[in-house]
Amino acid sequence: MEVDLSSGLPGMAIVGLADTAIRESRDRVRAAVINSGLDWPNRKITIGLSPATLPKHGSGYDLALAVGVLAASEQLPAGAAEKFLFLGELGLDGRIRAIRGVLPAVMAAATGGHQQVVVAADNGSEAQLVGDADVWIGATLAEVVAFLRGDQEGQRPAPEAQRPQLEVQDLVDVVGQAAGRLALEIAAAGGHHLLLTGPPGAGKTMLAERLPGILPPLTDAEALEVTAVHSLSGNLPRGSPLIRRAPFESPHHSATMPALVGGGSPMARPGAISRAHRGVLFLDEAPEFGRGLLDSLRQPLENGEVSLHRAAGVSTFPCRCQLILAANPCPCAPATGDADCGCSSMARRRYADRLSGPLLDRVDLQVSLPAVSRRALLDGDVQRETSAAVAARVVRARAASAARLSAWGRHMNSDVPGAVLRERLRLPRPALISAELALDRGLLSVRGFDRVLRVAWTLADLAGLSSPGGAEVDAAVGLRLRRIG
Ligand SMILES: [Zn+2]
C-alpha cells in the first residue's frame, strides 16, 4: 500500500481494484483517525494498492489505510510503520475489530518474508498459530500509534488457552448396531465413504457423529490447513482457535449449492465440503438433497479441492473429506423398517434412484441398519466399546496401509489407484472367488470390484494380516452390496 499526499482538492482516492467495502472505508478511516485525537490531513490523498491487477476486498485494509495516512502526514516517525503488516477493520471510534481470514493472510505474509504483523486483539491467538510470524495486537488505533511512536510497549497476544477442545461424542453411547459400528471402524481405517440406510431412530446420525472421534488427531500441518479454512468462514472460537480434531459438517438437505461446495461474491467463500476438510461431511436424508446437488460433490471429492470462479478471481479451497450419506429405506420413513409401510415398489425405487449415480458409485461401504430392538435397548449389561479402543485399532490399521502404500505416494486404501490394486497388489485367485462371482452376475461393476478390493485391504489391515484372504474379500463384497430399497 502506498499513500501520497498532494496539494489539490482535499479528498481521498483509492486505486488498484478495491471493492466497495474498501472504498467505503474512506469515511470509516477518517472518523477513526479524528476520534483517536489525531489529525486528518486536509489535502488530496491518493492510496495505491498493488499489484493493481489483483482484486482486493473486505474491510481488513482499514488499519493499514489509517497508518499509511498518518505516516504520510508525518504523524508517525519516518519508517516506523514500514516493517509491519497491518490487518484489521476500524470502528468509527478508532477501535480495531477482528476480521475473517487472518490465519491464511498471516501465513502468506510470513511466507513472503513479512513476519511482523499487527492485528486486532481478538485475532491475536489466531495469527500466532503461524510459527514464523511475530505478532502484535492492538485494541485501538491510538494504541497502535503509541506503539509505533515508541511511546508505549507493544502488546502480545495471550498464549493459546489450553482448554480442552469440544468434547467428542463416544461410541460407548451407541446401543446395538454391530454392523454399523464395524462399518464406521472400517471407514475410519481406510478413509472410505459410507452410506448408512435404516429407519429413523436406528442411530444413523449417532454413528456418523462419532466418526471424528475415532479418526486420528490432525497433524500440526493438517490442523493449520483446517483452521485456515474455518478462519475464512469466520467461525473460529476465540482464545484457542487451532482445530486439532477432524471437523464434522452436516449441512441440511435444503442447503444451496454455494452453501455446500462454496460460493458467494465478490470472492467465493468455502462451503460445507471444505469446512469438512480432513474430517467428515455428513448428509442426513441424502436422497432429499437431489441428484444435481449430490453429483456436484463428486468432482471436488475426487480432486480433493474445489475451485470457484468469480469475476474477482478464482478461489481454490481444499476438501479432502470423508462422506457419510444417510438414507431412510423408503420415502415415508417407517419407524420399523418393515416392508409393509404401504409405499409402492415404484415409490421406493424412485426414492433409491435419487441416490444412485456417479456419487454413490464412489461410496465403498453401503450398510443397512436394522431398527434397534427393545431387547438391545434394555440389555444394559452388554460391554460396549469406547471410541478410544476403536481409535487405537484405526491408528494401527492406518500405519499398516501407509507403510504398504508409501511407494505410490498414498496413505489410505481408499486412495489406491485401480491399476495398482489389480496389478501390484494383486490377490491370488482363490481369495477372489466371491468378488468374481458378483462381477460375473452383474452385481458388481468393474469399478465396484476395485472398491471391494480396497475395503478388503482395510479389513486385512484391521485384522493385522499381511494381505486379505477369502474371508476379507467375502466381507467386503457384503459391505458393498447391501443397498437401499
Ligand atoms: Zn414407506
# chains A, B, ... in the order shown; residues from 1 in each chain; ligands from 1
>>> residues_near_ligand(ligand="ligand 1", cutoff="7 Å", atoms="only C-alpha atoms and all ligand atoms", output="list in words")
Cys330, Pro331, Cys332, Ala333, Pro334, Cys341, Gly342 and Cys343 of chain A
>>> select_by_dssp(residues="segment 216-351 of chain A", states="strand (DSSP E)", output="PyMOL selection string")
chain A and resi 248-249+280-283+305-310+313-318+322-327
>>> closest_atom_pairs(of="segment 286-402 of chain A", to="segment 167-189 of chain A", cutoff="10 Å", atoms="only C-alpha atoms", output="CSV")
residue,atom,partner,partner_atom,distance
A:Gln322,CA,A:Ala187,CA,8.4
A:Leu323,CA,A:Ala187,CA,9.6
A:Ile324,CA,A:Ala187,CA,9.3
A:Asp364,CA,A:Ala187,CA,8.5
A:Leu365,CA,A:Ala183,CA,7.0
A:Gln366,CA,A:Ala183,CA,8.4
A:Val367,CA,A:Gly180,CA,7.0
A:Ser368,CA,A:Gly180,CA,7.8
A:Leu369,CA,A:Gly180,CA,6.5
A:Pro370,CA,A:Gln177,CA,7.5
A:Ala371,CA,A:Gln177,CA,8.7
A:Val372,CA,A:Gly176,CA,6.7
A:Ser373,CA,A:Gly176,CA,8.3
A:Arg375,CA,A:Gly176,CA,9.5
A:Ala376,CA,A:Gly176,CA,5.9
A:Leu377,CA,A:Val175,CA,6.4
A:Leu378,CA,A:Val175,CA,9.5
A:Asp379,CA,A:Val175,CA,9.0
A:Gly380,CA,A:Val175,CA,9.0
A:Val382,CA,A:Gly176,CA,9.3
A:Gln383,CA,A:Val172,CA,8.8
A:Arg384,CA,A:Val172,CA,5.5
A:Glu385,CA,A:Val172,CA,5.5
A:Thr386,CA,A:Val172,CA,4.6
A:Ser387,CA,A:Leu171,CA,5.0
A:Ala388,CA,A:Asp170,CA,8.3
A:Ala389,CA,A:Leu171,CA,9.6
A:Val390,CA,A:Glu185,CA,6.9
A:Ala391,CA,A:Glu185,CA,8.1
A:Arg393,CA,A:Ala189,CA,8.0
A:Val394,CA,A:Ala189,CA,4.7
A:Val395,CA,A:Ala189,CA,7.2
A:Arg396,CA,A:Ala189,CA,8.5
A:Ala397,CA,A:Ala189,CA,5.8
A:Arg398,CA,A:Ala189,CA,5.7
A:Ala399,CA,A:Ala189,CA,9.4
A:Ala400,CA,A:Ala189,CA,9.9
A:Ser401,CA,A:Ala189,CA,8.9
>>> residues_around(residues="Met267 of chain A", least_positions_apart="6", cutoff="7 Å", atoms="only C-alpha atoms", output="list in words")
Arg310, Ala312 and Gly313 of chain A
>>> write_last_selection(atoms="N, CA, C and O atoms", output="compact mmCIF listing (two decimals), in the first residue's frame")
# COMPACT_ATOMS: atom_id res chain seq x y z
N ARG A 310 -14.97 -16.56 -10.04
CA ARG A 310 -15.74 -15.34 -9.88
C ARG A 310 -15.09 -14.26 -10.74
O ARG A 310 -13.92 -14.39 -11.12
N ALA A 312 -14.03 -11.60 -9.75
CA ALA A 312 -12.91 -11.04 -9.00
C ALA A 312 -11.72 -11.99 -8.92
O ALA A 312 -10.68 -11.64 -8.38
N GLY A 313 -11.87 -13.21 -9.44
CA GLY A 313 -10.75 -14.14 -9.41
C GLY A 313 -11.20 -15.55 -9.05
O GLY A 313 -12.38 -15.80 -8.88
>>> closest_residue(among="A:Gly234, A:Val452, A:Asp415, A:Ser315", to="Asn303 of chain A", atoms="only C-alpha atoms")
A:Asp415
>>> atom_distance(atom1="atom CA of Asp151 of chain A", atom2="atom CA of Leu5 of chain A")
25.6 Å
